[in-house]
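Text of the file structure-v2.cif, holding mmCIF, C-alpha atoms:
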data_protein
loop_
_atom_site.label_atom_id
_atom_site.label_comp_id
_atom_site.auth_asym_id
_atom_site.auth_seq_id
_atom_site.Cartn_x
_atom_site.Cartn_y
_atom_site.Cartn_z
CA MET A 1 -14.18 -76.57 158.68
CA TYR A 2 -16.26 -73.58 157.71
CA ASP A 3 -19.91 -73.60 158.67
CA SER A 4 -19.53 -76.81 160.65
CA GLY A 5 -22.41 -75.66 162.83
CA LYS A 6 -24.77 -75.96 159.87
CA ILE A 7 -23.18 -78.85 157.99
CA ILE A 8 -23.01 -81.40 160.82
CA PRO A 9 -26.64 -80.97 162.00
CA GLY A 10 -27.62 -80.95 158.30
CA LEU A 11 -25.82 -84.27 157.73
CA ILE A 12 -27.44 -85.75 160.82
CA VAL A 13 -30.88 -84.67 159.62
CA PHE A 14 -30.12 -86.09 156.17
CA VAL A 15 -29.00 -89.48 157.51
CA LEU A 16 -32.06 -89.67 159.77
CA PHE A 17 -34.32 -88.79 156.85
CA VAL A 18 -32.79 -91.38 154.54
CA THR A 19 -33.05 -94.11 157.17
CA ILE A 20 -36.72 -93.37 157.91
CA PRO A 21 -37.84 -96.83 156.70
CA VAL A 22 -35.52 -98.45 159.25
CA TRP A 23 -36.88 -96.32 162.13
CA LEU A 24 -40.49 -96.75 161.15
CA ASN A 25 -40.48 -100.45 160.28
CA GLY A 26 -37.65 -101.70 162.46
CA GLY A 27 -38.58 -104.69 164.57
CA THR A 28 -41.95 -105.11 162.94
CA ALA A 29 -40.80 -107.70 160.36
CA SER A 30 -43.61 -110.17 159.94
CA ALA A 31 -42.97 -113.80 160.70
CA PRO A 32 -42.07 -116.00 157.75
CA PRO A 33 -45.22 -117.55 156.27
CA LYS A 34 -46.40 -120.93 157.46
CA PRO A 35 -48.46 -122.47 154.68
CA VAL A 36 -50.87 -125.09 155.96
CA LEU A 37 -49.90 -128.46 154.54
CA PRO A 38 -52.50 -131.07 153.70
CA LYS A 39 -53.08 -133.55 156.49
CA ASP A 40 -53.79 -136.70 154.55
CA ALA A 41 -51.15 -136.43 151.79
CA LYS A 42 -47.56 -137.01 152.83
CA THR A 43 -45.72 -136.82 149.50
CA CYS A 44 -45.81 -134.11 146.87
CA VAL A 45 -45.00 -134.57 143.20
CA LEU A 46 -41.44 -133.43 143.96
CA PRO A 47 -39.36 -133.33 147.18
CA ALA A 48 -40.33 -130.37 149.37
CA ALA A 49 -37.25 -128.24 148.70
CA GLU A 50 -37.52 -128.73 144.97
CA ILE A 51 -41.24 -128.05 144.73
CA ARG A 52 -40.83 -124.97 146.91
CA ALA A 53 -38.18 -123.56 144.60
CA ASN A 54 -39.49 -124.74 141.24
CA HIS A 55 -43.27 -125.19 141.42
CA MET A 56 -43.84 -122.33 139.00
CA LYS A 57 -41.51 -123.86 136.46
CA LEU A 58 -43.12 -127.25 136.89
CA LEU A 59 -46.55 -125.76 136.26
CA ASN A 60 -45.27 -124.18 133.05
CA VAL A 61 -43.75 -127.49 131.95
CA TRP A 62 -47.04 -129.27 132.67
CA ARG A 63 -48.97 -126.64 130.77
CA ASP A 64 -46.75 -126.92 127.72
CA GLU A 65 -46.75 -130.72 127.76
CA VAL A 66 -50.51 -131.01 128.15
CA LEU A 67 -51.62 -128.21 125.89
CA ARG A 68 -48.95 -127.79 123.26
CA THR A 69 -47.57 -131.31 122.87
CA GLY A 70 -50.83 -132.95 123.89
CA ASP A 71 -49.07 -135.32 126.27
CA ARG A 72 -51.74 -135.96 128.90
CA ALA A 73 -50.08 -139.07 130.31
CA THR A 74 -50.52 -139.44 134.06
CA PHE A 75 -47.68 -140.03 136.50
CA THR A 76 -47.79 -142.29 139.51
CA ILE A 77 -46.93 -141.57 143.13
CA GLU A 78 -47.27 -144.39 145.61
CA GLY A 79 -49.42 -146.34 143.22
CA LYS A 80 -51.90 -143.54 142.61
CA PRO A 81 -52.13 -141.93 139.15
CA TYR A 82 -52.07 -138.14 138.92
CA GLN A 83 -52.73 -135.76 136.04
CA LYS A 84 -50.48 -132.89 135.09
CA SER A 85 -52.88 -130.25 136.31
CA LEU A 86 -53.00 -127.41 138.78
CA MET A 87 -56.74 -127.68 139.37
CA LEU A 88 -57.03 -131.45 139.17
CA THR A 89 -53.86 -132.46 141.02
CA CYS A 90 -52.29 -129.72 143.16
CA MET A 91 -55.51 -128.28 144.49
CA LYS A 92 -56.98 -131.69 145.27
CA CYS A 93 -54.50 -132.05 148.15
CA HIS A 94 -53.91 -128.37 148.85
CA THR A 95 -57.59 -127.69 149.24
CA SER A 96 -57.21 -124.15 150.49
CA LYS A 97 -55.68 -121.51 148.24
CA LYS A 98 -55.83 -118.94 151.07
CA GLN A 99 -54.01 -121.08 153.60
CA PHE A 100 -51.48 -122.54 151.19
CA CYS A 101 -50.73 -120.53 148.02
CA ASP A 102 -51.58 -117.09 149.32
CA THR A 103 -49.51 -117.25 152.53
CA CYS A 104 -46.18 -117.19 150.70
CA HIS A 105 -47.34 -115.24 147.66
CA THR A 106 -48.62 -112.41 149.82
CA TYR A 107 -45.46 -112.44 151.94
CA ALA A 108 -43.23 -112.33 148.86
CA SER A 109 -45.56 -109.90 147.11
CA VAL A 110 -45.86 -112.01 144.01
CA LYS A 111 -49.12 -111.99 142.13
CA PRO A 112 -49.34 -115.05 139.88
CA TYR A 113 -52.13 -114.76 137.32
CA CYS A 114 -53.11 -118.44 137.68
CA TRP A 115 -56.39 -117.59 139.39
CA ASP A 116 -57.57 -115.18 136.71
CA CYS A 117 -58.73 -118.28 134.88
CA HIS A 118 -58.05 -121.34 137.00
CA ILE A 119 -60.57 -122.00 139.70
CA ALA A 120 -59.48 -122.38 143.30
CA PRO A 121 -61.35 -124.88 145.47
CA ALA A 122 -64.32 -123.40 147.30
CA GLU A 123 -63.53 -122.21 150.82
CA MET B 1 -5.84 -89.82 75.82
CA ASP B 2 -4.52 -93.21 74.80
CA ASN B 3 -7.95 -94.87 74.78
CA LYS B 4 -9.80 -94.53 71.58
CA ARG B 5 -13.56 -94.34 71.56
CA ARG B 6 -13.60 -97.60 69.59
CA ASP B 7 -11.66 -99.47 72.31
CA PHE B 8 -13.86 -98.05 75.06
CA LEU B 9 -17.02 -99.23 73.32
CA LYS B 10 -15.56 -102.72 72.88
CA VAL B 11 -14.71 -103.02 76.58
CA ALA B 12 -18.10 -101.62 77.64
CA GLY B 13 -19.97 -104.03 75.36
CA ILE B 14 -18.08 -107.07 76.56
CA SER B 15 -18.57 -106.06 80.21
CA THR B 16 -22.33 -105.67 79.66
CA LEU B 17 -22.60 -109.09 78.05
CA ALA B 18 -20.57 -110.66 80.81
CA GLY B 19 -22.77 -108.96 83.43
CA LEU B 20 -26.03 -110.13 81.86
CA GLY B 21 -24.75 -113.63 81.30
CA GLY B 22 -23.39 -113.77 84.81
CA THR B 23 -26.73 -112.82 86.44
CA ALA B 24 -28.54 -115.38 84.31
CA VAL B 25 -26.18 -118.09 85.48
CA ILE B 26 -26.50 -116.98 89.12
CA ASP B 27 -30.32 -116.89 88.84
CA ARG B 28 -30.36 -120.40 87.52
CA ILE B 29 -28.13 -121.66 90.32
CA VAL B 30 -30.27 -119.94 92.98
CA ASN B 31 -33.51 -121.29 91.50
CA ALA B 32 -32.14 -124.79 91.36
CA ALA B 33 -31.16 -124.55 95.02
CA ASN B 34 -34.67 -123.32 95.95
CA VAL B 35 -36.39 -126.13 94.09
CA ALA B 36 -34.21 -128.68 95.82
CA HIS B 37 -35.00 -127.09 99.20
CA ALA B 38 -38.74 -127.03 98.53
CA SER B 39 -38.89 -130.65 97.49
CA SER B 40 -36.93 -131.78 100.52
CA SER B 41 -39.21 -129.91 102.95
CA ALA B 42 -42.49 -130.75 101.24
CA GLY B 43 -43.21 -133.60 103.58
CA GLN B 44 -42.79 -131.48 106.69
CA ALA B 45 -44.87 -128.71 108.17
CA GLY B 46 -44.74 -125.31 106.49
CA GLY B 47 -45.09 -124.01 102.98
CA HIS B 48 -48.39 -122.18 103.12
CA ALA B 49 -48.87 -121.94 99.38
CA THR B 50 -48.63 -125.67 98.80
CA ASP B 51 -50.87 -126.64 101.74
CA ALA B 52 -54.04 -125.35 100.22
CA THR B 53 -53.65 -126.97 96.86
CA ALA B 54 -53.73 -130.62 97.91
CA HIS B 55 -56.65 -131.68 100.07
CA GLY B 56 -55.02 -132.34 103.38
CA GLY B 57 -52.26 -130.13 104.69
CA PRO B 58 -49.01 -131.40 106.10
CA PRO B 59 -49.51 -134.50 108.23
CA THR B 60 -49.95 -133.92 111.94
CA ALA B 61 -47.58 -135.33 114.53
CA SER B 62 -49.88 -138.21 115.44
CA GLY B 63 -51.16 -138.76 111.90
CA ASN B 64 -54.71 -138.10 113.15
CA ARG B 65 -57.04 -135.48 111.81
CA TYR B 66 -60.07 -135.22 113.99
CA GLY B 67 -63.31 -134.10 112.42
CA MET B 68 -67.04 -134.15 112.88
CA VAL B 69 -70.08 -135.04 110.82
CA VAL B 70 -73.22 -133.12 111.77
CA ASP B 71 -76.44 -134.74 110.60
CA VAL B 72 -78.75 -131.76 110.25
CA ARG B 73 -81.71 -134.08 109.59
CA LYS B 74 -81.47 -135.37 113.16
CA PHE B 75 -81.52 -131.83 114.48
CA ARG B 76 -84.71 -131.24 112.50
CA GLN B 77 -86.36 -134.37 113.88
CA ASP B 78 -85.56 -133.43 117.46
CA PRO B 79 -85.49 -129.63 117.85
CA SER B 80 -84.36 -129.90 121.49
CA LEU B 81 -81.11 -131.56 120.43
CA GLY B 82 -79.41 -128.33 119.39
CA GLU B 83 -80.16 -126.63 122.65
CA LYS B 84 -78.82 -129.62 124.54
CA ALA B 85 -75.56 -129.67 122.60
CA VAL B 86 -74.99 -125.94 123.04
CA ALA B 87 -75.82 -126.06 126.75
CA ALA B 88 -73.53 -129.05 127.34
CA CYS B 89 -70.59 -127.37 125.62
CA HIS B 90 -71.03 -124.06 127.37
CA ARG B 91 -71.45 -125.71 130.76
CA VAL B 92 -68.38 -127.92 130.40
CA HIS B 93 -66.17 -125.07 129.25
CA ASN B 94 -67.42 -122.34 131.60
CA VAL B 95 -68.59 -120.14 128.74
CA PRO B 96 -70.01 -116.94 130.23
CA GLU B 97 -73.46 -115.59 129.46
CA PHE B 98 -73.41 -111.83 129.16
CA PRO B 99 -76.66 -109.87 129.27
CA ASP B 100 -75.52 -107.62 126.41
CA LYS B 101 -75.42 -109.38 123.03
CA LYS B 102 -72.41 -107.28 122.01
CA ASP B 103 -70.31 -109.11 124.63
CA GLU B 104 -71.58 -112.54 123.64
CA ILE B 105 -69.17 -115.49 123.86
CA LYS B 106 -70.07 -118.61 121.94
CA TRP B 107 -68.30 -121.84 121.16
CA ILE B 108 -71.19 -123.56 119.39
CA TRP B 109 -74.52 -122.08 118.40
CA MET B 110 -77.60 -122.73 116.28
CA THR B 111 -78.04 -120.76 113.08
CA GLU B 112 -80.06 -120.73 109.87
CA PHE B 113 -79.04 -122.54 106.72
CA ASN B 114 -78.35 -119.34 104.78
CA ASN B 115 -76.01 -118.06 107.48
CA ALA B 116 -74.13 -121.33 107.72
CA PHE B 117 -73.77 -121.84 103.98
CA PRO B 118 -73.61 -118.41 102.33
CA GLU B 119 -71.98 -120.00 99.28
CA LYS B 120 -75.18 -121.95 98.63
CA PRO B 121 -77.80 -119.23 98.29
CA ASN B 122 -81.12 -120.46 97.07
CA LEU B 123 -84.02 -118.20 96.17
CA TYR B 124 -86.45 -121.04 96.75
CA LEU B 125 -84.93 -122.73 99.77
CA ASP B 126 -86.76 -125.87 100.84
CA GLU B 127 -89.05 -125.67 103.83
CA ALA B 128 -87.03 -128.02 106.00
CA ALA B 129 -83.89 -125.93 105.64
CA SER B 130 -85.58 -122.56 105.97
CA ASN B 131 -87.61 -123.46 109.07
CA ASN B 132 -84.84 -125.09 111.03
CA THR B 133 -81.52 -124.27 112.52
CA LEU B 134 -78.27 -126.20 112.59
CA PRO B 135 -75.30 -126.13 114.93
CA ILE B 136 -72.15 -124.37 113.82
CA PHE B 137 -68.81 -124.15 115.60
CA CYS B 138 -65.11 -124.00 114.81
CA ASN B 139 -64.35 -126.02 111.67
CA HIS B 140 -60.87 -127.01 112.84
CA CYS B 141 -59.64 -126.32 109.34
CA ASP B 142 -56.78 -128.29 107.89
CA ASN B 143 -55.48 -125.01 106.47
CA PRO B 144 -56.41 -122.66 109.31
CA PRO B 145 -56.17 -118.93 108.56
CA CYS B 146 -56.41 -118.06 112.27
CA VAL B 147 -53.22 -119.98 113.02
CA ARG B 148 -51.34 -118.07 110.33
CA ALA B 149 -52.66 -114.76 111.65
CA CYS B 150 -51.76 -115.32 115.30
CA PRO B 151 -48.56 -113.39 116.12
CA THR B 152 -47.84 -115.27 119.36
CA LYS B 153 -48.75 -118.84 118.34
CA ALA B 154 -51.42 -118.74 121.02
CA THR B 155 -53.67 -120.53 118.57
CA PHE B 156 -52.14 -123.52 116.90
CA LYS B 157 -52.86 -126.89 115.36
CA ASN B 158 -52.19 -129.62 117.89
CA LYS B 159 -50.86 -133.09 117.22
CA ASP B 160 -54.32 -134.39 116.32
CA GLY B 161 -55.10 -131.62 113.84
CA VAL B 162 -57.32 -129.78 116.31
CA ILE B 163 -57.04 -125.98 116.38
CA ILE B 164 -56.71 -124.99 120.03
CA MET B 165 -55.79 -121.94 122.04
CA ASP B 166 -53.20 -121.40 124.71
CA TYR B 167 -54.87 -118.60 126.63
CA HIS B 168 -51.65 -117.92 128.51
CA ARG B 169 -50.16 -116.64 125.29
CA CYS B 170 -53.12 -114.76 123.84
CA ILE B 171 -52.48 -111.03 123.76
CA GLY B 172 -55.98 -110.16 122.58
CA CYS B 173 -54.97 -108.63 119.25
CA ARG B 174 -57.98 -110.30 117.55
CA PHE B 175 -56.11 -110.93 114.29
CA CYS B 176 -57.48 -114.49 114.44
CA MET B 177 -61.02 -113.15 114.61
CA ALA B 178 -60.40 -111.10 111.49
CA ALA B 179 -58.80 -114.10 109.79
CA CYS B 180 -61.51 -116.65 110.63
CA PRO B 181 -64.11 -116.60 107.84
CA TYR B 182 -66.65 -118.45 109.99
CA GLY B 183 -66.94 -116.08 112.95
CA SER B 184 -66.08 -118.98 115.22
CA ARG B 185 -64.15 -116.83 117.65
CA SER B 186 -65.33 -114.55 120.44
CA PHE B 187 -63.45 -111.90 122.34
CA ASN B 188 -63.73 -111.36 126.08
CA TRP B 189 -64.52 -107.66 126.24
CA ARG B 190 -65.40 -107.99 129.90
CA ASN B 191 -64.14 -110.14 132.72
CA PRO B 192 -66.22 -113.32 132.38
CA GLU B 193 -65.72 -114.31 136.01
CA GLU B 194 -69.13 -113.31 137.32
CA PHE B 195 -71.05 -114.35 134.23
CA VAL B 196 -70.29 -118.06 134.29
CA LYS B 197 -73.33 -119.95 135.49
CA ASN B 198 -72.86 -123.43 136.94
CA LEU B 199 -69.11 -123.30 137.21
CA ASN B 200 -67.36 -126.48 136.09
CA LYS B 201 -64.54 -126.82 138.58
CA ASP B 202 -62.51 -129.12 136.35
CA PHE B 203 -61.96 -126.60 133.56
CA PRO B 204 -60.56 -123.06 133.71
CA ARG B 205 -62.41 -119.89 132.88
CA ARG B 206 -60.94 -117.26 130.60
CA THR B 207 -59.86 -113.80 131.52
CA ARG B 208 -60.69 -110.41 130.05
CA GLY B 209 -58.80 -109.62 126.85
CA VAL B 210 -58.41 -113.07 125.31
CA VAL B 211 -60.12 -114.66 122.33
CA GLU B 212 -61.83 -118.00 122.83
CA LYS B 213 -63.45 -120.65 120.70
CA CYS B 214 -64.40 -124.32 120.43
CA ASN B 215 -61.44 -126.59 121.18
CA PHE B 216 -63.07 -129.82 119.96
CA CYS B 217 -62.95 -130.75 123.65
CA ALA B 218 -59.19 -131.35 123.43
CA GLU B 219 -59.19 -131.93 127.20
CA ARG B 220 -61.80 -134.67 126.82
CA ILE B 221 -60.65 -136.41 123.63
CA GLY B 222 -57.13 -136.40 125.11
CA ILE B 223 -58.32 -138.79 127.81
CA GLY B 224 -60.53 -140.88 125.55
CA LEU B 225 -63.89 -139.18 126.01
CA GLN B 226 -66.17 -137.85 123.27
CA PRO B 227 -66.68 -134.10 122.84
CA ALA B 228 -69.38 -132.69 125.11
CA CYS B 229 -71.76 -131.79 122.26
CA VAL B 230 -71.47 -135.29 120.78
CA GLU B 231 -72.14 -136.78 124.18
CA ALA B 232 -75.16 -134.48 124.65
CA CYS B 233 -76.67 -135.78 121.41
CA GLY B 234 -76.63 -139.23 122.96
CA ASP B 235 -77.34 -142.18 120.69
CA SER B 236 -79.05 -140.07 118.05
CA LYS B 237 -75.82 -139.92 116.00
CA ALA B 238 -76.68 -136.33 115.16
CA MET B 239 -73.03 -135.48 115.69
CA VAL B 240 -70.31 -138.02 115.01
CA PHE B 241 -66.73 -137.36 115.97
CA GLY B 242 -63.76 -139.27 114.65
CA ASN B 243 -60.46 -139.49 112.86
CA LEU B 244 -60.74 -138.41 109.23
CA ASN B 245 -57.38 -139.98 108.42
CA ASP B 246 -58.56 -143.44 109.47
CA PRO B 247 -60.34 -144.96 106.44
CA HIS B 248 -62.19 -147.43 108.69
CA SER B 249 -63.56 -144.91 111.19
CA GLU B 250 -67.27 -144.35 111.65
CA ILE B 251 -66.96 -140.79 110.45
CA ARG B 252 -65.36 -141.89 107.17
CA LYS B 253 -68.14 -144.45 106.71
CA LEU B 254 -70.72 -141.68 107.12
CA LEU B 255 -68.84 -139.48 104.66
CA LYS B 256 -68.78 -142.33 102.17
CA GLU B 257 -72.49 -143.05 102.48
CA ASN B 258 -73.83 -139.49 102.54
CA HIS B 259 -73.50 -136.35 100.50
CA THR B 260 -71.99 -133.78 102.82
CA LEU B 261 -71.32 -130.06 102.73
CA GLN B 262 -68.43 -128.10 104.18
CA ARG B 263 -68.86 -124.46 105.06
CA ASN B 264 -67.44 -122.04 102.47
CA PRO B 265 -65.19 -124.61 100.78
CA SER B 266 -64.09 -122.12 98.11
CA LEU B 267 -61.98 -120.29 100.69
CA GLY B 268 -59.56 -123.21 100.76
CA THR B 269 -59.54 -123.55 104.54
CA LEU B 270 -60.36 -127.28 104.28
CA PRO B 271 -62.85 -127.52 107.17
CA SER B 272 -62.91 -130.75 109.17
CA VAL B 273 -66.61 -130.39 110.00
CA PHE B 274 -69.05 -131.86 107.49
CA TYR B 275 -72.82 -131.39 107.31
CA ILE B 276 -75.42 -133.85 106.03
CA VAL B 277 -78.31 -131.56 105.07
#
What's the structure tokens form of this structure?
Amino acid sequence: MYDSGKIIPGLIVFVLFVTIPVWLNGGTASAPPKPVLPKDAKTCVLPAAEIRANHMKLLNVWRDEVLRTGDRATFTIEGKPYQKSLMLTCMKCHTSKKQFCDTCHTYASVKPYCWDCHIAPAE
Amino acid sequence: MDNKRRDFLKVAGISTLAGLGGTAVIDRIVNAANVAHASSSAGQAGGHATDATAHGGPPTASGNRYGMVVDVRKFRQDPSLGEKAVAACHRVHNVPEFPDKKDEIKWIWMTEFNNAFPEKPNLYLDEAASNNTLPIFCNHCDNPPCVRACPTKATFKNKDGVIIMDYHRCIGCRFCMAACPYGSRSFNWRNPEEFVKNLNKDFPRRTRGVVEKCNFCAERIGIGLQPACVEACGDSKAMVFGNLNDPHSEIRKLLKENHTLQRNPSLGTLPSVFYIV
């Protein structure tokens, strides 16, 4: 190979440069988020796995049912009636947006616009 | 050339006649199809041109058409009533109060007779009307121009005939504000977050860049409550809310017993808010 004295160190430098994020951030991965669950409520509106995966879709469905079709019927869990509402149902159990919503949203770097208008419980 | 001029003219003439006759026949067939289509869809939603002609647009999903009767005489007797109604509405719905009037957001407000009823100008307006104000708000028209103007269906007529907004969909184009002849809509030029006094934690705020207006308290009437302004007027019956399509409702009784005005009826918007002046 011609000029191997320049090419091989050049390749090494290139590979090191490209993998900078690995060298700088390696081993510093933050722990997966641990949202604080409400103490007094044991059941959510859906099973945990489902609500974790689909809560955003459920909120959209609730919004469309309540606002657009005007179906404000409540649903019952363990004998207690609940409204289809983020502020009036979800946040009544999950009383802390910071310790519940934000933990995962910050970790996943998603910025839902819910709180531009909807009001989180006071903390 | 085999073809003689005479033969050519014959062929051309017959072709022209056939063409004209053919289009006439096709036109008639197409028209007949359209008429049949229009008559079959007349009972359903749609057909803007026909809505305005008959009083009462296409029936709503629930068959209700909510409306309001405002008894301006009661507001004259008790001048504090108007303030109460406005305050109640704006508190319940987290309506911001901006220091600059240019940014003002209002769902319901008090105004003078001449501003509310520009179609009824009177050089010698009576003292009672000229010295007092009356509450105006969204008319929840049966033929709402704002709904037609909205490109995203953010504003729409709900199942009870109430014109409401889905702020999630509003893109802030303000076509609805241009379309509304009553000025019932306000635009959030600034973020209202810090300007809401006495936050109601059961109702959302709005964000910068959306239009907002009176929603006839859809969130309250949906669970069987009265609108906030009606509730604020207490037992005075200054504002009466009800179903205009129910001939036995209180509101229909009031409309039967009193002469009422609608705002700018000549525009054909068919307001659902009536005023006893």
Mind listing as a short mmCIF file (atom, residue, chain, number, x, y, z; two decimals) with C-alpha atoms, in the frame of the given file which residues of chain A are within 8 Å of chain B, counting only C-alpha atoms?
data_model
loop_
_atom_site.label_atom_id
_atom_site.label_comp_id
_atom_site.auth_asym_id
_atom_site.auth_seq_id
_atom_site.Cartn_x
_atom_site.Cartn_y
_atom_site.Cartn_z
CA LEU A 67 -51.62 -128.21 125.89
CA ARG A 68 -48.95 -127.79 123.26
CA THR A 69 -47.57 -131.31 122.87
CA GLY A 70 -50.83 -132.95 123.89
CA ARG A 72 -51.74 -135.96 128.90
CA MET A 87 -56.74 -127.68 139.37
CA LEU A 88 -57.03 -131.45 139.17
CA ASP A 116 -57.57 -115.18 136.71
CA CYS A 117 -58.73 -118.28 134.88
CA HIS A 118 -58.05 -121.34 137.00
CA ILE A 119 -60.57 -122.00 139.70
CA PRO A 121 -61.35 -124.88 145.47
#
Exercise for review: For segment 83-86 of chain A, work out the shell of residues within 6 Å, counting only C-alpha atoms and skipping chain neighbours fewer than 2 positions away, then give it as a PyMOL selection string.
Suggested key: chain A and resi 62+74+88-90
Practice item. Rank A:Phe100, A:Ile12, A:Ile77, A:Ala120 by their smallest atom-to-atom distance to Pro47 of chain A, using all atoms listed in the file, and report the top residue only. Key: A:Ile77
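Distances from B:His90, B:Gly172, B:Ala232, B:Phe241 to Lys253 of chain B were compared using only C-alpha atoms, and the smallest one belongs to B:Phe241.
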Exercise for review: I need the residue set behind the PyMOL selection byres ((chain B and resi 273) around 7) for this file; please write it as a PyMOL selection string.
Suggested key: chain B and resi 67-69+139+262+271-272+274-275
Check your understanding: So which residues touch segment 25-38 of chain A within 8 Å, counting only C-alpha atoms, skipping near sequence neighbours fewer than 2 positions away, as a list of chain:residue names?
Key -> A:Pro21, A:Val22, A:Trp23, A:Asp40, A:Ala41, A:Lys42, A:Cys93, A:His94, A:Thr95, A:Gln99, A:Phe100, A:Cys101, A:Thr103, A:Cys104, A:Tyr107
Practice item. List, as a list in words, every residue that the PyMOL selection byres ((chain B and resi 252) around 12) selects in the file provided. Key: Arg65, Tyr66, Gly67, Met68, Val69, Val240, Phe241, Gly242, Asn243, Leu244, Asn245, Asp246, Pro247, His248, Ser249, Glu250, Ile251, Lys253, Leu254, Leu255, Lys256, Glu257, Asn258, His259, Thr260, Ser272, Val273 and Phe274 of chain B
Study note, to complete from the structure: atom CA of Val95 of chain B sits from atom CA of Trp107 of chain B at a separation of 7.8 Å
Exercise for review: Can you work out the spacing between atom CA of Gly161 of chain B and atom CA of Pro144 of chain B in Å, to one decimal?
Suggested key: 10.1 Å
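Here the question is which of B:Lys213, B:Lys197, B:Arg190, B:Arg76 gets nearest to Cys146 of chain B using only C-alpha atoms, and that residue is B:Lys213.
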Check your understanding: With only C-alpha atoms as the atoms that count, which of A:Cys44, A:Leu58, A:Ala49, A:Val66 lies nearest to Met91 of chain A?
Key -> A:Cys44
Review point. For Arg174 of chain B, which residue out of B:Leu81, B:Cys141, B:Val211, B:Leu261 is the nearest one, using all atoms listed in the file?
Key: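 Of B:Leu81, B:Cys141, B:Val211, B:Leu261, the one nearest Arg174 of chain B, counting all atoms listed in the file, is B:Val211.
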Practice item. Name the residues that the PyMOL selection byres ((chain B and resi 85) around 9) picks from the file above, as a PyMOL selection string, using the file's chain letters and numbers. Key: chain B and resi 80-84+86-90+108-109+135+228-233
Point to revise | Atomic distance atom CA of Gln226 of chain B - atom CA of Ile276 of chain B, expressed in Å with one decimal | key: 20.0 Å
Would you place a box with edges along x, y and z of the file around all atoms of segment 38-48 of chain A listed there, add 5 Å to each of its six sides, and report the centre and edge lengths in Å to one decimal, as lines of an AutoDock Vina configuration file?
center_x = -46.6
center_y = -133.7
center_z = 149.8
size_x = 24.4
size_y = 16.6
size_z = 23.3
